[in-house]
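Below is coords36.cif, holding mmCIF, C-alpha atoms.
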data_work
loop_
_atom_site.group_PDB
_atom_site.id
_atom_site.type_symbol
_atom_site.label_atom_id
_atom_site.label_comp_id
_atom_site.auth_asym_id
_atom_site.auth_seq_id
_atom_site.Cartn_x
_atom_site.Cartn_y
_atom_site.Cartn_z
ATOM 1 C CA MET H 1 8.071 -17.477 -13.839
ATOM 2 C CA GLN H 2 6.267 -16.853 -10.568
ATOM 3 C CA ASN H 3 5.432 -19.833 -8.365
ATOM 4 C CA THR H 4 1.700 -19.486 -7.689
ATOM 5 C CA LYS H 5 1.653 -22.286 -5.086
ATOM 6 C CA ASN H 6 3.188 -20.064 -2.404
ATOM 7 C CA ILE H 7 1.097 -16.944 -3.009
ATOM 8 C CA ILE H 8 0.092 -15.238 0.252
ATOM 9 C CA SER H 9 -3.585 -14.345 0.664
ATOM 10 C CA ILE H 10 -5.252 -12.514 3.533
ATOM 11 C CA LYS H 11 -9.008 -12.716 3.919
ATOM 12 C CA VAL H 12 -9.988 -9.345 5.353
ATOM 13 C CA SER H 13 -13.770 -9.815 5.244
ATOM 14 C CA ASP H 14 -16.440 -11.556 3.187
ATOM 15 C CA LYS H 15 -15.975 -8.845 0.543
ATOM 16 C CA ILE H 16 -12.253 -8.014 0.778
ATOM 17 C CA LEU H 17 -9.334 -10.296 -0.065
ATOM 18 C CA LEU H 18 -5.674 -9.345 -0.279
ATOM 19 C CA ARG H 19 -3.639 -11.551 -2.596
ATOM 20 C CA GLU H 20 0.062 -11.289 -3.233
ATOM 21 C CA LEU H 21 0.834 -9.483 -6.483
ATOM 22 C CA CYS H 22 1.228 -11.752 -9.548
ATOM 23 C CA LEU H 23 2.263 -11.196 -13.139
ATOM 24 C CA SER H 24 -1.325 -11.970 -14.138
ATOM 25 C CA ASP H 25 -2.402 -8.716 -12.402
ATOM 26 C CA VAL H 26 -0.567 -6.445 -14.855
ATOM 27 C CA HIS H 27 -3.529 -5.802 -17.168
ATOM 28 C CA ASN H 28 -5.996 -4.950 -14.370
ATOM 29 C CA ILE H 29 -3.508 -2.623 -12.668
ATOM 30 C CA PHE H 30 -2.665 -0.805 -15.882
ATOM 31 C CA GLN H 31 -6.292 -0.498 -16.990
ATOM 32 C CA THR H 32 -7.255 1.022 -13.634
ATOM 33 C CA ILE H 33 -4.368 3.494 -13.704
ATOM 34 C CA HIS H 34 -4.963 4.377 -17.359
ATOM 35 C CA SER H 35 -8.709 4.931 -16.939
ATOM 36 C CA GLN H 36 -8.263 7.014 -13.747
ATOM 37 C CA ARG H 37 -5.166 9.041 -14.606
ATOM 38 C CA ASP H 38 -6.479 12.374 -13.339
ATOM 39 C CA TYR H 39 -7.847 10.937 -10.100
ATOM 40 C CA LEU H 40 -4.873 8.714 -9.208
ATOM 41 C CA GLY H 41 -2.259 11.079 -10.623
ATOM 42 C CA LYS H 42 -3.195 13.850 -8.221
ATOM 43 C CA TRP H 43 -1.298 12.160 -5.359
ATOM 44 C CA LEU H 44 0.616 9.261 -6.921
ATOM 45 C CA PRO H 45 3.813 10.234 -8.780
ATOM 46 C CA PHE H 46 4.143 6.865 -10.562
ATOM 47 C CA VAL H 47 0.997 7.492 -12.631
ATOM 48 C CA ALA H 48 2.870 9.900 -14.910
ATOM 49 C CA PHE H 49 5.493 7.221 -15.620
ATOM 50 C CA THR H 50 2.893 4.526 -16.333
ATOM 51 C CA GLN H 51 2.151 5.235 -19.981
ATOM 52 C CA VAL H 52 1.846 1.740 -21.459
ATOM 53 C CA GLU H 53 1.078 -1.704 -20.056
ATOM 54 C CA GLU H 54 4.768 -2.631 -20.333
ATOM 55 C CA ASP H 55 5.534 0.023 -17.665
ATOM 56 C CA THR H 56 3.222 -1.806 -15.268
ATOM 57 C CA ARG H 57 4.696 -5.170 -16.266
ATOM 58 C CA LYS H 58 8.208 -3.918 -15.393
ATOM 59 C CA PHE H 59 6.967 -2.700 -11.993
ATOM 60 C CA VAL H 60 5.243 -6.015 -11.203
ATOM 61 C CA GLN H 61 8.281 -8.003 -12.377
ATOM 62 C CA SER H 62 10.519 -5.919 -10.114
ATOM 63 C CA ILE H 63 8.335 -6.905 -7.153
ATOM 64 C CA VAL H 64 7.784 -10.597 -7.912
ATOM 65 C CA ASN H 65 11.375 -11.244 -9.055
ATOM 66 C CA ALA H 66 13.119 -9.386 -6.218
ATOM 67 C CA THR H 67 15.650 -11.336 -4.201
ATOM 68 C CA PRO H 68 14.316 -12.478 -0.818
ATOM 69 C CA SER H 69 16.465 -9.949 1.073
ATOM 70 C CA LYS H 70 15.111 -7.064 -1.058
ATOM 71 C CA LYS H 71 11.535 -8.270 -1.528
ATOM 72 C CA ASP H 72 8.646 -6.216 -0.191
ATOM 73 C CA LEU H 73 5.222 -7.841 -0.131
ATOM 74 C CA VAL H 74 2.652 -6.112 -2.305
ATOM 75 C CA PHE H 75 -0.957 -7.267 -2.444
ATOM 76 C CA VAL H 76 -3.771 -6.676 -4.884
ATOM 77 C CA ILE H 77 -6.941 -5.608 -3.136
ATOM 78 C CA LEU H 78 -9.907 -7.590 -4.394
ATOM 79 C CA TYR H 79 -13.356 -6.280 -3.521
ATOM 80 C CA GLN H 80 -16.098 -8.768 -4.277
ATOM 81 C CA ASP H 81 -13.538 -10.643 -6.415
ATOM 82 C CA VAL H 82 -12.819 -7.559 -8.585
ATOM 83 C CA PHE H 83 -9.489 -5.719 -8.705
ATOM 84 C CA ALA H 84 -9.745 -2.607 -6.524
ATOM 85 C CA GLY H 85 -6.185 -1.393 -5.929
ATOM 86 C CA LEU H 86 -2.847 -2.185 -4.338
ATOM 87 C CA ILE H 87 -1.475 -2.213 -0.813
ATOM 88 C CA GLY H 88 1.915 -3.283 0.365
ATOM 89 C CA PHE H 89 5.133 -2.790 2.203
ATOM 90 C CA ARG H 90 8.018 -0.692 0.963
ATOM 91 C CA ASP H 91 11.538 -0.017 2.107
ATOM 92 C CA THR H 92 11.359 -2.793 4.686
ATOM 93 C CA ASP H 93 14.352 -2.757 7.018
ATOM 94 C CA HIS H 94 14.712 -6.316 8.328
ATOM 95 C CA VAL H 95 17.593 -5.393 10.642
ATOM 96 C CA ASN H 96 15.610 -2.714 12.485
ATOM 97 C CA LEU H 97 12.258 -4.500 11.995
ATOM 98 C CA LYS H 98 10.459 -1.589 10.364
ATOM 99 C CA THR H 99 8.523 -0.973 7.174
ATOM 100 C CA GLU H 100 6.235 1.483 5.440
ATOM 101 C CA ILE H 101 2.767 0.786 4.053
ATOM 102 C CA GLY H 102 1.617 2.314 0.789
ATOM 103 C CA TYR H 103 -1.784 1.946 -0.846
ATOM 104 C CA TRP H 104 -4.110 3.179 -3.563
ATOM 105 C CA LEU H 105 -7.698 2.372 -4.438
ATOM 106 C CA SER H 106 -9.880 2.736 -7.515
ATOM 107 C CA GLU H 107 -12.004 5.906 -7.397
ATOM 108 C CA ASP H 108 -15.336 4.099 -7.709
ATOM 109 C CA LEU H 109 -14.633 2.060 -4.548
ATOM 110 C CA GLN H 110 -13.799 4.955 -2.247
ATOM 111 C CA LYS H 111 -15.653 5.521 1.039
ATOM 112 C CA LYS H 112 -16.425 1.855 1.708
ATOM 113 C CA GLY H 113 -13.730 1.342 4.367
ATOM 114 C CA ILE H 114 -11.795 -0.985 2.068
ATOM 115 C CA VAL H 115 -8.346 0.526 2.579
ATOM 116 C CA THR H 116 -8.844 1.021 6.316
ATOM 117 C CA GLU H 117 -9.663 -2.672 6.691
ATOM 118 C CA ALA H 118 -6.808 -3.659 4.367
ATOM 119 C CA VAL H 119 -4.290 -1.557 6.331
ATOM 120 C CA LYS H 120 -5.506 -3.154 9.551
ATOM 121 C CA ALA H 121 -4.988 -6.609 8.019
ATOM 122 C CA VAL H 122 -1.481 -5.905 6.726
ATOM 123 C CA CYS H 123 -0.521 -4.406 10.097
ATOM 124 C CA TYR H 124 -1.614 -7.626 11.764
ATOM 125 C CA TYR H 125 0.381 -9.616 9.204
ATOM 126 C CA ALA H 126 3.477 -7.407 9.634
ATOM 127 C CA PHE H 127 3.456 -7.586 13.434
ATOM 128 C CA ASN H 128 2.566 -11.267 13.737
ATOM 129 C CA GLY H 129 3.833 -12.854 10.528
ATOM 130 C CA LEU H 130 6.930 -10.794 9.774
ATOM 131 C CA ASN H 131 7.927 -9.797 13.332
ATOM 132 C CA ILE H 132 7.953 -6.102 12.375
ATOM 133 C CA ASN H 133 8.151 -3.636 15.271
ATOM 134 C CA ARG H 134 7.398 -0.313 13.527
ATOM 135 C CA ILE H 135 5.103 0.568 10.628
ATOM 136 C CA MET H 136 5.034 3.967 9.001
ATOM 137 C CA ILE H 137 2.529 5.625 6.668
ATOM 138 C CA ARG H 138 3.373 8.866 4.868
ATOM 139 C CA CYS H 139 0.667 10.956 3.145
ATOM 140 C CA ALA H 140 0.741 14.279 1.348
ATOM 141 C CA THR H 141 -0.627 16.937 3.689
ATOM 142 C CA GLY H 142 -3.489 17.713 1.304
ATOM 143 C CA ASN H 143 -4.502 14.098 0.723
ATOM 144 C CA LEU H 144 -7.292 13.984 3.290
ATOM 145 C CA PRO H 145 -8.750 10.544 2.422
ATOM 146 C CA SER H 146 -5.328 8.911 2.672
ATOM 147 C CA LYS H 147 -4.290 10.479 5.964
ATOM 148 C CA ARG H 148 -7.619 9.642 7.619
ATOM 149 C CA ILE H 149 -6.633 5.972 7.471
ATOM 150 C CA PRO H 150 -3.684 6.088 9.898
ATOM 151 C CA GLN H 151 -5.659 8.519 12.053
ATOM 152 C CA ARG H 152 -8.582 6.064 12.260
ATOM 153 C CA LEU H 153 -6.239 3.216 13.142
ATOM 154 C CA ASP H 154 -4.544 5.093 16.015
ATOM 155 C CA PHE H 155 -1.200 5.595 14.318
ATOM 156 C CA HIS H 156 0.863 8.265 16.061
ATOM 157 C CA TYR H 157 1.377 11.518 14.176
ATOM 158 C CA GLU H 158 5.128 12.185 14.117
ATOM 159 C CA GLY H 159 5.314 15.386 12.119
ATOM 160 C CA ILE H 160 5.951 16.758 8.657
ATOM 161 C CA GLU H 161 8.561 15.560 6.211
ATOM 162 C CA ARG H 162 9.099 18.832 4.403
ATOM 163 C CA GLU H 163 8.983 18.582 0.607
ATOM 164 C CA GLY H 164 9.146 14.794 0.969
ATOM 165 C CA GLU H 165 7.709 13.886 -2.424
ATOM 166 C CA ILE H 166 7.597 15.384 -5.876
ATOM 167 C CA LEU H 167 4.299 15.117 -7.715
ATOM 168 C CA ASN H 168 3.552 15.017 -11.417
ATOM 169 C CA ASP H 169 3.568 18.785 -11.833
ATOM 170 C CA ASN H 170 7.175 18.837 -10.524
ATOM 171 C CA GLN H 171 5.991 20.435 -7.301
ATOM 172 C CA PHE H 172 7.243 19.182 -3.971
ATOM 173 C CA VAL H 173 4.648 18.403 -1.306
ATOM 174 C CA ASP H 174 5.036 18.010 2.421
ATOM 175 C CA LEU H 175 4.226 14.588 3.844
ATOM 176 C CA GLU H 176 2.554 13.833 7.147
ATOM 177 C CA VAL H 177 4.332 10.979 8.885
ATOM 178 C CA TYR H 178 2.443 8.459 11.034
ATOM 179 C CA SER H 179 3.771 5.402 12.863
ATOM 180 C CA LEU H 180 2.455 2.423 14.740
ATOM 181 C CA LEU H 181 4.574 0.263 17.026
ATOM 182 C CA LYS H 182 3.875 -3.359 17.797
ATOM 183 C CA SER H 183 3.401 -2.369 21.465
ATOM 184 C CA ASP H 184 0.790 0.256 20.417
ATOM 185 C CA TRP H 185 -1.008 -2.401 18.385
ATOM 186 C CA GLU H 186 -1.013 -4.904 21.248
ATOM 187 C CA LYS H 187 -2.422 -2.275 23.636
ATOM 188 C CA SER H 188 -5.189 -1.349 21.189
ATOM 189 C CA ILE H 189 -6.318 -4.942 20.637
ATOM 190 C CA ASN H 190 -6.329 -5.625 24.375
ATOM 191 C CA LYS H 191 -8.625 -2.671 25.170
#
Please re-express this file's structure in C-alpha cells.
Amino acid sequence: MQNTKNIISIKVSDKILLRELCLSDVHNIFQTIHSQRDYLGKWLPFVAFTQVEEDTRKFVQSIVNATPSKKDLVFVILYQDVFAGLIGFRDTDHVNLKTEIGYWLSEDLQKKGIVTEAVKAVCYYAFNGLNINRIMIRCATGNLPSKRIPQRLDFHYEGIEREGEILNDNQFVDLEVYSLLKSDWEKSINK
C-alpha cells in the first residue's frame, strides 16, 4: 500500500498542480488513454500495450513500488483539479546525476502551455531538489508539439538518435535529443 503522507506535490500555477503518481490515479490514466487511443498512440508506444485497466495498474504499481535506488518520480498533471496527463523522470542515473523527462497530455488540453510550465517545474525540482546536473528530453522528429517544449525552454539540441524508438506500427522513428545542464539553467534564471 502506498503511503500518501509523503506524496510530493509541486504547485506550478493557480491552475496547474503536479502530484506524485498514486494507485488511485489508475482509472483516470486508463480512461484518458482508452478514449484517446488514436491521438496518444501516434507518438506513444505504450498505448498499444494498454488494453485494459489492469495494464495501467501494473504500470502504476511498478512506479510506486519501485525500490528507492530504482525509483523514478512520476507526477500526474492536474489542470484545474482535473487529470490532464503525466510527466516524470525516467532512467535516472544517480551516480552521474542525470535523468530524462517524459510527458504526455490529454488532447483537449493542448496549446495552453501546461506541459511547458510542468517541464519547467520538474527541471527546477530536479536541479534543486534532486541535485541532478543533466536533463534530457527525446522526441520523435515528427512530433512537433513535443519538441517545441525543450526548444522553448532553451534546451540544447544535441542531434538525432537514429531509429531510437519503435512505434505502434512497428516502424522505427528517429528521435531528436535535447539536454539542459544545471549551469545552463542557472544562467537562464540569472538573465
Problem - Output of the PyMOL selection byres ((chain H and resi 166) around 12), listed as a list in words - result: Gly41, Lys42, Trp43, Leu44, Pro45, Phe46, Ala48, Ala140, Arg162, Glu163, Gly164, Glu165, Leu167, Asn168, Asp169, Asn170, Gln171, Phe172, Val173, Asp174 and Leu175 of chain H
Keeping only C-alpha atoms, write the selected residues as a short mmCIF file (atom, residue, chain, number, x, y, z; two decimals), keeping the file's coordinate frame.
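Listed below is the output, out-v4.cif:
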data_model
loop_
_atom_site.label_atom_id
_atom_site.label_comp_id
_atom_site.auth_asym_id
_atom_site.auth_seq_id
_atom_site.Cartn_x
_atom_site.Cartn_y
_atom_site.Cartn_z
CA GLY H 41 -2.26 11.08 -10.62
CA LYS H 42 -3.20 13.85 -8.22
CA TRP H 43 -1.30 12.16 -5.36
CA LEU H 44 0.62 9.26 -6.92
CA PRO H 45 3.81 10.23 -8.78
CA PHE H 46 4.14 6.86 -10.56
CA ALA H 48 2.87 9.90 -14.91
CA ALA H 140 0.74 14.28 1.35
CA ARG H 162 9.10 18.83 4.40
CA GLU H 163 8.98 18.58 0.61
CA GLY H 164 9.15 14.79 0.97
CA GLU H 165 7.71 13.89 -2.42
CA LEU H 167 4.30 15.12 -7.72
CA ASN H 168 3.55 15.02 -11.42
CA ASP H 169 3.57 18.78 -11.83
CA ASN H 170 7.18 18.84 -10.52
CA GLN H 171 5.99 20.43 -7.30
CA PHE H 172 7.24 19.18 -3.97
CA VAL H 173 4.65 18.40 -1.31
CA ASP H 174 5.04 18.01 2.42
CA LEU H 175 4.23 14.59 3.84
#
Exercise for the section: Run the PyMOL selection byres ((chain H and resi 145) around 12) mentally over the shown coordinates, then write out the matched residues as a ChimeraX atom specification, using the chain letters and numbers from the document. Expected result: /H:43,103-105,107,110-116,139-144,146-152
Answer key for the PyMOL selection byres ((chain H and resi 181) around 6), residues as a CSV table (one decimal) with C-alpha atoms, in the coordinates of the input:
chain,number,residue,atom,x,y,z
H,133,ASN,CA,8.2,-3.6,15.3
H,134,ARG,CA,7.4,-0.3,13.5
H,180,LEU,CA,2.5,2.4,14.7
H,182,LYS,CA,3.9,-3.4,17.8
H,183,SER,CA,3.4,-2.4,21.5
H,184,ASP,CA,0.8,0.3,20.4
Practice task
Using all atoms listed in the file, find the one residue out of H:Ser62, H:Ser13, H:Gln51, H:Ser35 that sits nearest to Glu117 of chain H.
Solution key: H:Ser13
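By all atoms listed in the file, and with residues fewer than 4 positions from segment 95-99 of chain H along its chain excluded, the set lying at most 7 Å from it is Phe89, Arg90, Asp91, Asn131, Ile132, Asn133, Arg134, Ile135 and Met136 of chain H.
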Problem - H:Thr56, H:Gln61, H:Gln31, H:Ser69 ranked by distance to Ser106 of chain H, top pick (using all atoms listed in the file) - result: H:Gln31
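Between Ile29 of chain H and the candidates H:Gly85, H:Gly102, H:Gly159, H:Gly129, the tightest atom-to-atom separation, counting all atoms listed in the file, involves H:Gly85.
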Handout entry: Minimum-distance residue to Lys120 of chain H, chosen among H:Asp108, H:Glu161, H:Asp93, H:Asp154 (using all atoms listed in the file)
Key = H:Asp154
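Between atom CA of Ile8 of chain H and atom CA of Ile189 of chain H lies a distance of 23.7 Å.
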Problem - Val47 of chain H surroundings by only C-alpha atoms, 7 Å radius, close-in-sequence under 5 positions cut, as a VMD selection string - result: chain H and resid 33 37 40 to 41
Exercise for the section: Please check which residues have atoms at most 6 Å from (-5.4, -2.7, -2.6) in the file's coordinates, counting all atoms listed in the file, and write them as an NGL selection string. Expected result: :H and (76-77 or 84-87 or 105)
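The interatomic distance for the pair atom CA of Glu186 of chain H and atom CA of Asn6 of chain H works out to 28.4 Å.
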If we count all atoms listed in the file, what is near Ala121 of chain H at a cut-off of 9 Å, once residues fewer than 4 positions away on the same chain are taken out, given as a PDB file with C-alpha atoms, keeping the file's coordinate frame?
ATOM      1  CA  ILE H  10      -5.252 -12.514   3.533  1.00  0.00           C
ATOM      2  CA  LYS H  11      -9.008 -12.716   3.919  1.00  0.00           C
ATOM      3  CA  VAL H  12      -9.988  -9.345   5.353  1.00  0.00           C
ATOM      4  CA  LEU H  18      -5.674  -9.345  -0.279  1.00  0.00           C
ATOM      5  CA  THR H 116      -8.844   1.021   6.316  1.00  0.00           C
ATOM      6  CA  GLU H 117      -9.663  -2.672   6.691  1.00  0.00           C
ATOM      7  CA  TYR H 125       0.381  -9.616   9.204  1.00  0.00           C
ATOM      8  CA  ALA H 126       3.477  -7.407   9.634  1.00  0.00           C
TER       9      ALA H 126
END
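Atom to atom, atom CA of Ile160 of chain H and atom CA of Arg138 of chain H stand 9.1 Å apart.
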Set up a box along x, y and z of the file covering all listed atoms of segment 160-166 of chain H, add 3 Å on every one of the six sides, and write the centre and edge lengths in Å to one decimal, as AutoDock Vina command-line options.
--center_x 7.5 --center_y 16.4 --center_z 1.4 --size_x 9.2 --size_y 10.9 --size_z 20.5
